[in-house]
$ cat protein.cif   # mmCIF, C-alpha atoms
data_target
loop_
_atom_site.label_atom_id
_atom_site.label_comp_id
_atom_site.auth_asym_id
_atom_site.auth_seq_id
_atom_site.Cartn_x
_atom_site.Cartn_y
_atom_site.Cartn_z
CA MET A 1 -28.08 -2.62 14.91
CA PRO A 2 -26.34 -5.35 16.94
CA ASP A 3 -23.22 -4.18 18.75
CA ALA A 4 -20.99 -6.46 16.66
CA LEU A 5 -21.86 -4.36 13.60
CA ASP A 6 -21.84 -1.00 15.33
CA ALA A 7 -19.42 1.43 13.67
CA THR A 8 -20.26 4.37 15.94
CA PRO A 9 -18.83 6.89 16.59
CA TYR A 10 -17.83 6.72 12.91
CA ASP A 11 -20.32 7.64 10.21
CA ALA A 12 -18.29 7.13 7.00
CA LEU A 13 -15.21 5.46 5.55
CA LEU A 14 -12.78 7.20 3.20
CA LEU A 15 -10.67 5.07 0.85
CA LEU A 16 -7.53 7.17 0.42
CA SER A 17 -5.18 6.24 -2.42
CA PHE A 18 -2.34 7.60 -4.53
CA GLY A 19 -4.24 8.19 -7.78
CA GLY A 20 -3.11 7.79 -11.35
CA PRO A 21 -3.65 9.12 -14.88
CA GLU A 22 -6.59 7.85 -16.92
CA GLY A 23 -5.40 8.93 -20.36
CA PRO A 24 -2.29 10.20 -22.20
CA ASP A 25 -3.14 13.86 -21.57
CA ASP A 26 -3.24 13.18 -17.82
CA VAL A 27 0.26 11.73 -17.49
CA VAL A 28 2.45 14.85 -17.20
CA PRO A 29 -0.06 16.82 -15.06
CA PHE A 30 -0.33 13.79 -12.77
CA LEU A 31 3.46 13.56 -12.44
CA GLU A 32 3.59 17.31 -11.77
CA ASN A 33 1.22 16.71 -8.85
CA VAL A 34 3.35 13.85 -7.54
CA THR A 35 6.62 15.81 -7.76
CA ARG A 36 5.34 19.29 -6.86
CA GLY A 37 7.97 21.33 -5.00
CA ARG A 38 10.93 19.26 -6.22
CA GLY A 39 11.77 21.43 -9.23
CA ILE A 40 11.77 18.56 -11.74
CA PRO A 41 11.68 19.86 -15.37
CA LYS A 42 8.71 18.95 -17.55
CA GLU A 43 11.00 17.22 -20.05
CA ARG A 44 12.18 14.86 -17.32
CA LEU A 45 8.56 14.17 -16.37
CA LYS A 46 7.83 13.25 -19.98
CA GLU A 47 10.67 10.72 -19.82
CA VAL A 48 9.30 9.22 -16.61
CA GLY A 49 5.85 9.20 -18.18
CA GLN A 50 6.98 6.69 -20.79
CA HIS A 51 6.12 3.95 -18.29
CA TYR A 52 2.50 5.11 -18.44
CA PHE A 53 2.50 5.65 -22.21
CA LEU A 54 3.41 1.97 -22.65
CA PHE A 55 -0.04 1.26 -21.20
CA GLY A 56 -1.95 3.90 -23.17
CA GLY A 57 -1.32 6.61 -20.57
CA VAL A 58 -3.64 4.84 -18.14
CA SER A 59 -2.68 3.66 -14.68
CA PRO A 60 -4.71 0.67 -13.52
CA ILE A 61 -4.88 2.00 -9.96
CA ASN A 62 -8.12 3.95 -10.32
CA ASP A 63 -10.05 1.00 -11.75
CA GLN A 64 -8.59 -1.17 -9.01
CA ASN A 65 -9.81 1.30 -6.41
CA ARG A 66 -13.26 1.23 -8.01
CA ALA A 67 -13.24 -2.55 -7.70
CA LEU A 68 -12.20 -2.31 -4.04
CA LEU A 69 -14.94 0.25 -3.39
CA GLU A 70 -17.50 -2.15 -4.83
CA ALA A 71 -16.10 -5.05 -2.79
CA LEU A 72 -16.27 -3.01 0.41
CA ARG A 73 -19.82 -1.87 -0.24
CA GLU A 74 -20.94 -5.40 -1.06
CA ASP A 75 -19.30 -6.81 2.07
CA PHE A 76 -20.77 -4.11 4.31
CA ALA A 77 -24.27 -4.61 2.87
CA ALA A 78 -24.04 -8.40 3.19
CA HIS A 79 -23.09 -8.13 6.87
CA GLY A 80 -25.44 -5.31 7.87
CA LEU A 81 -22.79 -2.64 8.36
CA ASP A 82 -24.43 0.66 7.50
CA LEU A 83 -21.39 2.77 6.67
CA PRO A 84 -21.08 4.80 3.46
CA VAL A 85 -17.77 4.52 1.61
CA TYR A 86 -16.14 7.41 -0.27
CA TRP A 87 -12.94 7.57 -2.32
CA GLY A 88 -10.31 10.29 -2.63
CA ASN A 89 -6.78 10.42 -4.09
CA ARG A 90 -3.67 12.32 -3.16
CA ASN A 91 -2.52 13.09 -6.72
CA TRP A 92 -5.42 12.74 -9.17
CA ALA A 93 -9.18 12.87 -9.41
CA PRO A 94 -11.18 12.25 -7.34
CA TYR A 95 -8.98 14.52 -5.24
CA LEU A 96 -8.87 14.10 -1.47
CA THR A 97 -9.91 17.69 -0.72
CA ASP A 98 -12.94 17.44 -3.01
CA THR A 99 -14.01 14.16 -1.44
CA LEU A 100 -13.67 15.49 2.11
CA ARG A 101 -15.67 18.56 1.08
CA GLU A 102 -18.39 16.25 -0.25
CA MET A 103 -18.35 14.16 2.92
CA ALA A 104 -18.71 17.26 5.10
CA ALA A 105 -21.57 18.52 2.91
CA ASP A 106 -23.25 15.13 3.32
CA GLY A 107 -23.18 15.66 7.07
CA HIS A 108 -20.42 13.26 8.09
CA ARG A 109 -18.71 14.29 11.31
CA ARG A 110 -16.47 11.35 12.24
CA ILE A 111 -14.56 9.69 9.40
CA LEU A 112 -12.31 6.63 9.31
CA VAL A 113 -9.61 6.48 6.63
CA LEU A 114 -8.36 3.34 4.88
CA ALA A 115 -5.06 4.12 3.14
CA THR A 116 -3.98 1.84 0.30
CA SER A 117 -0.62 1.31 1.97
CA ALA A 118 -0.26 -1.44 4.56
CA TYR A 119 3.09 -0.62 6.16
CA ALA A 120 4.75 2.06 8.26
CA SER A 121 6.91 4.61 6.45
CA TYR A 122 6.90 8.30 5.68
CA SER A 123 5.60 7.82 2.12
CA GLY A 124 3.23 5.01 3.12
CA CYS A 125 1.66 6.62 6.18
CA ARG A 126 2.73 10.05 7.40
CA GLN A 127 2.61 11.60 3.92
CA TYR A 128 -1.01 10.45 3.66
CA ARG A 129 -1.63 12.08 7.04
CA GLU A 130 0.03 15.29 5.87
CA ASN A 131 -2.22 15.33 2.80
CA LEU A 132 -5.22 14.87 5.09
CA ALA A 133 -4.07 17.85 7.17
CA ASP A 134 -3.61 19.97 4.02
CA ALA A 135 -7.11 19.08 2.83
CA LEU A 136 -8.68 19.83 6.21
CA ALA A 137 -6.84 23.17 6.36
CA THR A 138 -8.23 24.07 2.93
CA LEU A 139 -11.77 23.25 4.02
CA GLN A 140 -11.33 25.17 7.27
CA ALA A 141 -10.16 28.21 5.30
CA GLU A 142 -13.34 27.90 3.22
CA GLY A 143 -15.43 28.06 6.37
CA VAL A 144 -16.35 24.38 6.34
CA ASP A 145 -16.95 22.76 9.72
CA VAL A 146 -14.27 20.10 9.29
CA PRO A 147 -15.00 16.54 10.42
CA ALA A 148 -12.83 14.54 12.81
CA VAL A 149 -10.65 12.09 10.91
CA ASP A 150 -8.97 8.91 12.16
CA LYS A 151 -6.87 6.41 10.21
CA LEU A 152 -7.17 2.63 10.41
CA ARG A 153 -4.10 0.89 11.80
CA HIS A 154 -1.52 -0.77 9.58
CA TYR A 155 -2.98 -4.04 8.31
CA PHE A 156 0.14 -5.73 6.91
CA ASN A 157 -0.26 -8.71 9.26
CA HIS A 158 -4.05 -9.06 9.23
CA PRO A 159 -5.13 -12.52 7.99
CA GLY A 160 -7.33 -10.91 5.34
CA PHE A 161 -4.22 -9.31 3.83
CA VAL A 162 -1.75 -12.18 4.32
CA GLU A 163 -3.92 -15.11 3.23
CA PRO A 164 -4.80 -13.85 -0.29
CA MET A 165 -1.10 -13.21 -0.93
CA THR A 166 -0.24 -16.69 0.30
CA ASP A 167 -2.74 -18.15 -2.17
CA GLY A 168 -1.19 -16.01 -4.90
CA VAL A 169 2.27 -17.42 -4.22
CA LEU A 170 0.89 -20.96 -4.26
CA ARG A 171 -0.77 -20.34 -7.62
CA ALA A 172 2.43 -18.83 -9.03
CA LEU A 173 4.48 -21.81 -7.86
CA ALA A 174 1.95 -24.24 -9.35
CA ASP A 175 2.26 -22.42 -12.68
CA LEU A 176 6.01 -23.04 -12.90
CA PRO A 177 7.27 -26.05 -14.87
CA GLU A 178 7.22 -29.08 -12.62
CA ASP A 179 10.94 -29.77 -13.02
CA VAL A 180 11.91 -26.38 -11.45
CA ARG A 181 9.03 -25.88 -9.02
CA ALA A 182 10.42 -27.58 -5.91
CA GLU A 183 13.68 -25.57 -5.95
CA ALA A 184 12.11 -22.25 -6.88
CA HIS A 185 13.14 -19.20 -4.88
CA ILE A 186 10.57 -16.65 -3.63
CA ALA A 187 11.52 -12.98 -4.02
CA PHE A 188 9.21 -10.92 -1.83
CA THR A 189 9.19 -7.43 -3.30
CA THR A 190 8.26 -4.02 -1.99
CA HIS A 191 8.91 -0.39 -2.85
CA SER A 192 12.46 0.71 -2.16
CA ILE A 193 12.73 3.83 -0.02
CA PRO A 194 15.76 5.83 1.20
CA THR A 195 17.56 3.94 3.95
CA ALA A 196 17.26 7.04 6.16
CA ALA A 197 13.47 6.93 5.77
CA ALA A 198 13.41 3.19 6.51
CA ASP A 199 15.57 3.62 9.62
CA THR A 200 13.13 6.17 11.09
CA SER A 201 9.93 4.36 10.08
CA GLY A 202 7.41 3.47 12.76
CA PRO A 203 7.33 4.69 16.37
CA VAL A 204 10.56 6.01 17.88
CA GLU A 205 11.22 2.73 19.71
CA SER A 206 11.22 0.92 16.34
CA HIS A 207 13.83 3.21 14.78
CA GLY A 208 17.13 1.66 13.79
CA ASP A 209 18.45 -0.47 10.96
CA GLY A 210 15.50 -0.67 8.55
CA GLY A 211 13.02 0.49 11.17
CA ALA A 212 9.44 -0.78 11.22
CA TYR A 213 9.27 -0.75 7.41
CA VAL A 214 11.76 -3.57 6.93
CA ALA A 215 10.69 -5.46 10.07
CA GLN A 216 7.04 -5.51 8.99
CA HIS A 217 7.85 -6.75 5.48
CA LEU A 218 10.14 -9.45 6.84
CA ASP A 219 7.39 -10.61 9.20
CA VAL A 220 4.87 -10.87 6.35
CA ALA A 221 7.37 -12.64 4.08
CA ARG A 222 8.10 -15.17 6.83
CA LEU A 223 4.38 -15.76 7.42
CA ILE A 224 3.77 -16.43 3.73
CA ALA A 225 6.85 -18.59 3.28
CA ASP A 226 5.93 -20.68 6.33
CA ALA A 227 2.34 -21.09 5.13
CA VAL A 228 3.52 -22.11 1.66
CA GLY A 229 5.84 -24.68 3.22
CA GLU A 230 3.04 -26.10 5.34
CA ARG A 231 0.70 -26.43 2.36
CA THR A 232 3.21 -27.80 -0.16
CA GLY A 233 5.63 -29.71 2.02
CA VAL A 234 8.49 -27.74 0.44
CA ASP A 235 10.49 -25.05 2.24
CA HIS A 236 11.31 -22.59 -0.51
CA PRO A 237 14.26 -20.23 0.10
CA TRP A 238 13.20 -16.60 0.10
CA GLN A 239 14.49 -13.05 0.39
CA LEU A 240 13.02 -9.57 0.76
CA VAL A 241 14.04 -7.43 -2.25
CA TYR A 242 13.12 -4.01 -3.56
CA GLN A 243 11.82 -2.28 -6.66
CA SER A 244 10.73 1.10 -8.04
CA ARG A 245 13.67 3.17 -6.82
CA SER A 246 13.24 6.78 -7.95
CA GLY A 247 15.76 8.83 -5.98
CA ALA A 248 19.07 10.47 -6.79
CA PRO A 249 21.92 7.94 -7.29
CA HIS A 250 24.04 9.36 -4.45
CA ILE A 251 21.33 8.78 -1.81
CA PRO A 252 21.33 5.25 -0.33
CA TRP A 253 18.09 3.32 -0.88
CA LEU A 254 17.07 -0.13 0.27
CA GLU A 255 18.62 -2.94 -1.78
CA PRO A 256 18.89 -5.34 -3.56
CA ASP A 257 16.86 -4.31 -6.56
CA ILE A 258 14.71 -7.09 -8.03
CA CYS A 259 16.59 -7.15 -11.35
CA ASP A 260 19.96 -7.36 -9.60
CA HIS A 261 18.53 -10.09 -7.40
CA LEU A 262 17.38 -12.11 -10.41
CA GLU A 263 20.89 -11.91 -11.86
CA GLU A 264 22.42 -13.03 -8.56
CA ARG A 265 19.98 -15.93 -8.12
CA HIS A 266 20.56 -17.08 -11.68
CA ALA A 267 24.33 -16.97 -11.17
CA ALA A 268 23.86 -19.04 -8.00
CA GLY A 269 22.08 -21.74 -9.98
CA VAL A 270 18.52 -21.12 -8.81
CA PRO A 271 16.22 -22.72 -11.43
CA ALA A 272 13.18 -20.43 -11.05
CA VAL A 273 11.84 -17.46 -9.08
CA VAL A 274 8.40 -16.39 -7.92
CA MET A 275 8.14 -12.61 -7.49
CA ALA A 276 5.64 -11.83 -4.71
CA PRO A 277 4.80 -8.09 -4.45
CA ILE A 278 3.82 -8.06 -0.78
CA GLY A 279 4.43 -4.33 -0.47
CA PHE A 280 1.50 -3.40 -2.72
CA VAL A 281 -2.25 -3.59 -2.25
CA SER A 282 -3.09 -3.83 -5.96
CA ASP A 283 -1.50 -4.53 -9.36
CA HIS A 284 -0.88 -0.88 -10.17
CA MET A 285 1.71 0.67 -12.47
CA GLU A 286 4.78 -0.13 -10.38
CA VAL A 287 3.79 -3.79 -10.38
CA LEU A 288 2.91 -3.85 -14.07
CA TYR A 289 6.04 -2.02 -15.21
CA ASP A 290 8.77 -2.83 -12.67
CA LEU A 291 7.85 -6.51 -12.32
CA ASP A 292 5.72 -7.58 -15.29
CA THR A 293 7.78 -5.57 -17.79
CA GLU A 294 11.31 -4.81 -16.54
CA ALA A 295 11.94 -7.75 -14.23
CA LYS A 296 10.37 -10.27 -16.59
CA ALA A 297 12.50 -8.91 -19.43
CA LYS A 298 15.60 -9.39 -17.27
CA ALA A 299 14.50 -12.95 -16.47
CA GLU A 300 13.97 -13.71 -20.17
CA GLU A 301 17.44 -12.34 -20.92
CA LEU A 302 18.87 -14.70 -18.29
CA GLY A 303 16.76 -17.66 -19.36
CA LEU A 304 15.34 -17.80 -15.83
CA PRO A 305 11.72 -18.99 -15.42
CA VAL A 306 9.77 -16.49 -13.32
CA ARG A 307 6.18 -16.04 -12.23
CA ARG A 308 4.59 -13.09 -10.48
CA SER A 309 2.00 -13.68 -7.77
CA ALA A 310 -1.09 -11.52 -7.33
CA THR A 311 -1.66 -8.70 -4.87
CA VAL A 312 -4.77 -8.72 -2.66
CA GLY A 313 -6.68 -6.23 -4.84
CA ALA A 314 -10.42 -6.53 -4.21
CA ASP A 315 -10.27 -10.01 -2.72
CA PRO A 316 -13.37 -10.58 -0.53
CA ARG A 317 -11.11 -11.57 2.37
CA PHE A 318 -9.45 -8.17 2.25
CA ALA A 319 -12.83 -6.42 2.18
CA ALA A 320 -13.84 -8.50 5.20
CA ALA A 321 -10.59 -7.51 6.93
CA VAL A 322 -11.40 -3.83 6.43
CA ARG A 323 -14.84 -4.39 7.98
CA GLU A 324 -13.21 -6.11 10.96
CA LEU A 325 -10.68 -3.29 11.36
CA ILE A 326 -13.49 -0.71 11.32
CA LEU A 327 -15.52 -2.54 13.97
CA GLU A 328 -12.39 -3.08 16.07
CA ARG A 329 -11.44 0.60 16.01
CA ALA A 330 -15.03 1.73 16.63
CA ALA A 331 -15.25 -0.52 19.68
CA VAL A 332 -12.00 0.92 21.03
CA GLU A 333 -13.34 4.45 20.57
CA ARG A 334 -16.44 3.45 22.55
CA GLY A 335 -14.24 2.23 25.41
CA ARG A 336 -14.69 -1.49 24.78
CA GLU A 337 -12.01 -4.13 25.42
CA VAL A 338 -10.79 -5.43 22.06
CA THR A 339 -8.37 -8.18 21.00
CA PRO A 340 -6.95 -6.94 17.68
CA CYS A 341 -6.51 -9.54 14.96
CA ALA A 342 -2.91 -9.95 13.79
CA LEU A 343 -0.60 -12.73 12.65
CA GLY A 344 3.15 -13.05 13.06
CA ALA A 345 5.66 -11.95 15.67
CA LEU A 346 5.05 -8.19 15.69
CA GLY A 347 1.46 -8.09 16.88
CA PRO A 348 -1.12 -5.44 15.96
CA SER A 349 0.04 -1.97 15.05
CA HIS A 350 -0.94 1.16 16.97
CA ASP A 351 -4.31 2.81 16.37
CA VAL A 352 -2.92 6.34 16.65
CA CYS A 353 0.46 7.25 15.18
CA PRO A 354 2.58 8.59 18.07
CA VAL A 355 4.73 11.70 18.00
CA GLY A 356 7.98 10.98 16.15
CA CYS A 357 6.46 8.19 14.06
CA CYS A 358 7.84 8.16 10.47
CA PRO A 359 9.13 11.76 10.61
CA ALA A 360 9.62 13.88 7.52
CA ARG A 361 12.83 15.77 6.83
CA ALA A 362 10.89 19.03 7.16
CA PRO A 363 8.15 18.96 9.82
CA ARG A 364 4.60 19.48 8.51
CA PRO A 365 1.20 19.19 10.17
CA ALA A 366 -0.29 15.69 9.91
CA ALA A 367 -3.86 14.70 10.74
CA ALA A 368 -5.07 11.45 12.34
CA GLY A 369 -2.19 11.11 14.78
CA ALA A 370 -1.14 12.08 18.28
CA ASP A 371 0.31 15.32 16.90
CA SER A 372 -2.73 16.20 14.79
CA PRO A 373 -3.87 19.83 14.85
CA TYR A 374 -7.40 18.52 14.18
CA ALA A 375 -7.80 16.26 17.23
#
$ encode --input "protein.cif" --output "structure tokens"
Amino acid sequence: MPDALDATPYDALLLLSFGGPEGPDDVVPFLENVTRGRGIPKERLKEVGQHYFLFGGVSPINDQNRALLEALREDFAAHGLDLPVYWGNRNWAPYLTDTLREMAADGHRRILVLATSAYASYSGCRQYRENLADALATLQAEGVDVPAVDKLRHYFNHPGFVEPMTDGVLRALADLPEDVRAEAHIAFTTHSIPTAAADTSGPVESHGDGGAYVAQHLDVARLIADAVGERTGVDHPWQLVYQSRSGAPHIPWLEPDICDHLEERHAAGVPAVVMAPIGFVSDHMEVLYDLDTEAKAKAEELGLPVRRSATVGADPRFAAAVRELILERAAVERGREVTPCALGALGPSHDVCPVGCCPARAPRPAAAGADSPYA
């Protein structure tokens, strides 16, 4: 194999995602997995589950992960990268622990992990690493010779992630009525998180107002807005806004919420809005419900034309970006000099999460980082 396609020392890739129910009977058990340890009553979970029941009790995320798996395998085969790809979820089948057990049984000893979350935060990075540590501890207790596990760096500013989203915004703008298109506002959306979690996201040196989480999203939003302006000749006003808040009302979370933002933009005389969900890899339930259902209903109530742009999903450019990230990290592990690919002002993210990066309120072991007990 030519060195350019050499993934050694890695011998497999694990696609690690959140998971979602695939039928009505799965909804409450899935939500019990997601909220385990928080003491939330089953009746409350049934209320939350109504979002899923609107779509037949099926989250689209698993099918979207299957599509991404296929795109990755096709890209790897087309470019001569001999690296098997597995899939495991944090909260639903196929479960992470079962997949790692299968990978170990198949003889894999050095695994790279692609998480379906592009940005730094506790819930978007360290919690995945904690779940990896839990799974490895389970396998170790079973007597399994656990493999070494590393995680691919944050890819929020990789061209293969940014460019498909830019095209999505352009398509959404083109779909607006011509008389409102030029003055349309772009609302870049991402998952709201507690402000305390945002402020401590990323390495310690990034901690502060909004931390790495907000800074990374702002950098991506600016990249897309600038690219849209270059390709259309129109500089559309834009703002980073938030969706999918789920915490207690007395705890501060990142704002403004997308629905509040639509009301404010309408009151300010904005003629149309494109909602661009840059915080999400695929069009899963939070995109379908919070944007395509709730936010669009708010826009209809206001008489405000809105369009929603696409996430990257299984775009071939994203699959190619994953291949490039794998080869980049493998070369680094072999001691080669590498120039990481990244757009924007922030530069490439770290390969190994340092100590103090995206800390949890209660310390727990986390794999694939500088503080990993499985180094």
$ resolve_selection --input "protein.cif" --expression "the PyMOL selection byres ((chain A and resi 161) around 9)" --output "PDB file with C-alpha atoms, in the coordinates of the input"
ATOM      1  CA  ALA A 118      -0.260  -1.440   4.560  1.00  0.00           C
ATOM      2  CA  TYR A 155      -2.980  -4.040   8.310  1.00  0.00           C
ATOM      3  CA  PHE A 156       0.140  -5.730   6.910  1.00  0.00           C
ATOM      4  CA  ASN A 157      -0.260  -8.710   9.260  1.00  0.00           C
ATOM      5  CA  HIS A 158      -4.050  -9.060   9.230  1.00  0.00           C
ATOM      6  CA  PRO A 159      -5.130 -12.520   7.990  1.00  0.00           C
ATOM      7  CA  GLY A 160      -7.330 -10.910   5.340  1.00  0.00           C
ATOM      8  CA  VAL A 162      -1.750 -12.180   4.320  1.00  0.00           C
ATOM      9  CA  GLU A 163      -3.920 -15.110   3.230  1.00  0.00           C
ATOM     10  CA  PRO A 164      -4.800 -13.850  -0.290  1.00  0.00           C
ATOM     11  CA  MET A 165      -1.100 -13.210  -0.930  1.00  0.00           C
ATOM     12  CA  VAL A 281      -2.250  -3.590  -2.250  1.00  0.00           C
ATOM     13  CA  VAL A 312      -4.770  -8.720  -2.660  1.00  0.00           C
ATOM     14  CA  ASP A 315     -10.270 -10.010  -2.720  1.00  0.00           C
ATOM     15  CA  ARG A 317     -11.110 -11.570   2.370  1.00  0.00           C
ATOM     16  CA  PHE A 318      -9.450  -8.170   2.250  1.00  0.00           C
ATOM     17  CA  ALA A 321     -10.590  -7.510   6.930  1.00  0.00           C
TER      18      ALA A 321
END
$ closest_residue --input "protein.cif" --among "A:Gly347, A:Pro249, A:Pro363, A:Gly80" --to "Arg323 in chain A" --atoms "only C-alpha atoms"
A:Gly80
$ resolve_selection --input "protein.cif" --expression "the PyMOL selection byres ((chain A and resi 120) around 6)" --output "list in words"
Tyr119, Ser121, Cys125, Ser201, Gly202 and Tyr213 of chain A
$ atom_distance --input "protein.cif" --atom1 "CA of Ala7 in chain A" --atom2 "CA of Leu83 in chain A"
7.4 Å
$ atom_distance --input "protein.cif" --atom1 "CA of Leu327 in chain A" --atom2 "CA of His79 in chain A"
11.8 Å
$ resolve_selection --input "protein.cif" --expression "the PyMOL selection byres ((chain A and resi 151) around 8)" --output "ChimeraX atom specification"
/A:112-115,149-150,152-153,351-352,368
$ closest_residue --input "protein.cif" --among "A:Ala330, A:Ala105, A:Ala93, A:Ala297" --to "Asn33 in chain A" --atoms "only C-alpha atoms"
A:Ala93
$ axis_aligned_box --input "protein.cif" --around "range 256-265 of chain A" --padding-each-side "3 Å" --output "AutoDock Vina command-line options"
--center_x 18.6 --center_y -10.1 --center_z -7.7 --size_x 13.7 --size_y 17.6 --size_z 14.3
$ closest_residue --input "protein.cif" --among "A:Val228, A:Ala267, A:Leu291, A:Ala342" --to "Gln216 in chain A" --atoms "all atoms listed in the file"
A:Ala342
$ closest_residue --input "protein.cif" --among "A:Ala182, A:Ala104, A:Ala360, A:Ile111" --to "Val144 in chain A" --atoms "all atoms listed in the file"
A:Ala104
$ atom_distance --input "protein.cif" --atom1 "CA of Glu130 in chain A" --atom2 "CA of Asn91 in chain A"
13.0 Å
$ closest_residue --input "protein.cif" --among "A:Val204, A:Ala276, A:Leu240, A:Cys353" --to "Arg171 in chain A" --atoms "only C-alpha atoms"
A:Ala276
$ residues_around --input "protein.cif" --residues "His207 in chain A" --least-positions-apart "4" --cutoff "10 Å" --atoms "all atoms listed in the file" --output "list in words"
Ala197, Ala198, Asp199, Thr200, Ser201, Gly202, Pro203, Gly211, Ala212, Tyr213, Gly356, Cys357 and Cys358 of chain A
$ write_last_selection --input "protein.cif" --atoms "C-alpha atoms" --output "mmCIF file, in the coordinates of the input"
data_model
loop_
_atom_site.group_PDB
_atom_site.id
_atom_site.type_symbol
_atom_site.label_atom_id
_atom_site.label_comp_id
_atom_site.auth_asym_id
_atom_site.auth_seq_id
_atom_site.Cartn_x
_atom_site.Cartn_y
_atom_site.Cartn_z
ATOM 1 C CA ALA A 197 13.470 6.930 5.770
ATOM 2 C CA ALA A 198 13.410 3.190 6.510
ATOM 3 C CA ASP A 199 15.570 3.620 9.620
ATOM 4 C CA THR A 200 13.130 6.170 11.090
ATOM 5 C CA SER A 201 9.930 4.360 10.080
ATOM 6 C CA GLY A 202 7.410 3.470 12.760
ATOM 7 C CA PRO A 203 7.330 4.690 16.370
ATOM 8 C CA GLY A 211 13.020 0.490 11.170
ATOM 9 C CA ALA A 212 9.440 -0.780 11.220
ATOM 10 C CA TYR A 213 9.270 -0.750 7.410
ATOM 11 C CA GLY A 356 7.980 10.980 16.150
ATOM 12 C CA CYS A 357 6.460 8.190 14.060
ATOM 13 C CA CYS A 358 7.840 8.160 10.470
#
$ residues_around --input "protein.cif" --residues "Ala196 in chain A" --least-positions-apart "5" --cutoff "10 Å" --atoms "all atoms listed in the file" --output "ChimeraX atom specification"
/A:201,208-211,251-254,361
$ residues_near_point --input "protein.cif" --point "(14.5, 7.4, -10.8)" --cutoff "12 Å" --atoms "all atoms listed in the file" --output "list in words"
Thr35, Ile40, Arg44, Leu45, Glu47, Val48, Gly49, His51, Ser192, Ile193, Gln243, Ser244, Arg245, Ser246, Gly247, Ala248, Pro249, His250, Ile251, Trp253 and Asp290 of chain A
$ residues_around --input "protein.cif" --residues "range 300-306 of chain A" --least-positions-apart "4" --cutoff "9 Å" --atoms "all atoms listed in the file" --output "PyMOL selection string"
chain A and resi 172+176-177+180+184+262-263+266+270-275+295-296
$ residues_near_point --input "protein.cif" --point "(15.0, -17.2, -2.1)" --cutoff "6 Å" --atoms "all atoms listed in the file" --output "list of chain:residue names"
A:His185, A:Ile186, A:Ala187, A:Pro237, A:Trp238, A:Gln239
$ closest_residue --input "protein.cif" --among "A:Glu324, A:Asp98, A:Glu70, A:Asp167" --to "Thr232 in chain A" --atoms "all atoms listed in the file"
A:Asp167
$ residues_around --input "protein.cif" --residues "Pro94 in chain A" --least-positions-apart "4" --cutoff "10 Å" --atoms "only C-alpha atoms" --output "list in words"
Leu16, Ser17, Gly19, Asn62, Tyr86, Trp87, Gly88, Asn89, Arg90, Asp98 and Thr99 of chain A
$ write_last_selection --input "protein.cif" --atoms "C-alpha atoms" --output "compact mmCIF listing (two decimals), in the coordinates of the input"
# COMPACT_ATOMS: atom_id res chain seq x y z
CA LEU A 16 -7.53 7.17 0.42
CA SER A 17 -5.18 6.24 -2.42
CA GLY A 19 -4.24 8.19 -7.78
CA ASN A 62 -8.12 3.95 -10.32
CA TYR A 86 -16.14 7.41 -0.27
CA TRP A 87 -12.94 7.57 -2.32
CA GLY A 88 -10.31 10.29 -2.63
CA ASN A 89 -6.78 10.42 -4.09
CA ARG A 90 -3.67 12.32 -3.16
CA ASP A 98 -12.94 17.44 -3.01
CA THR A 99 -14.01 14.16 -1.44
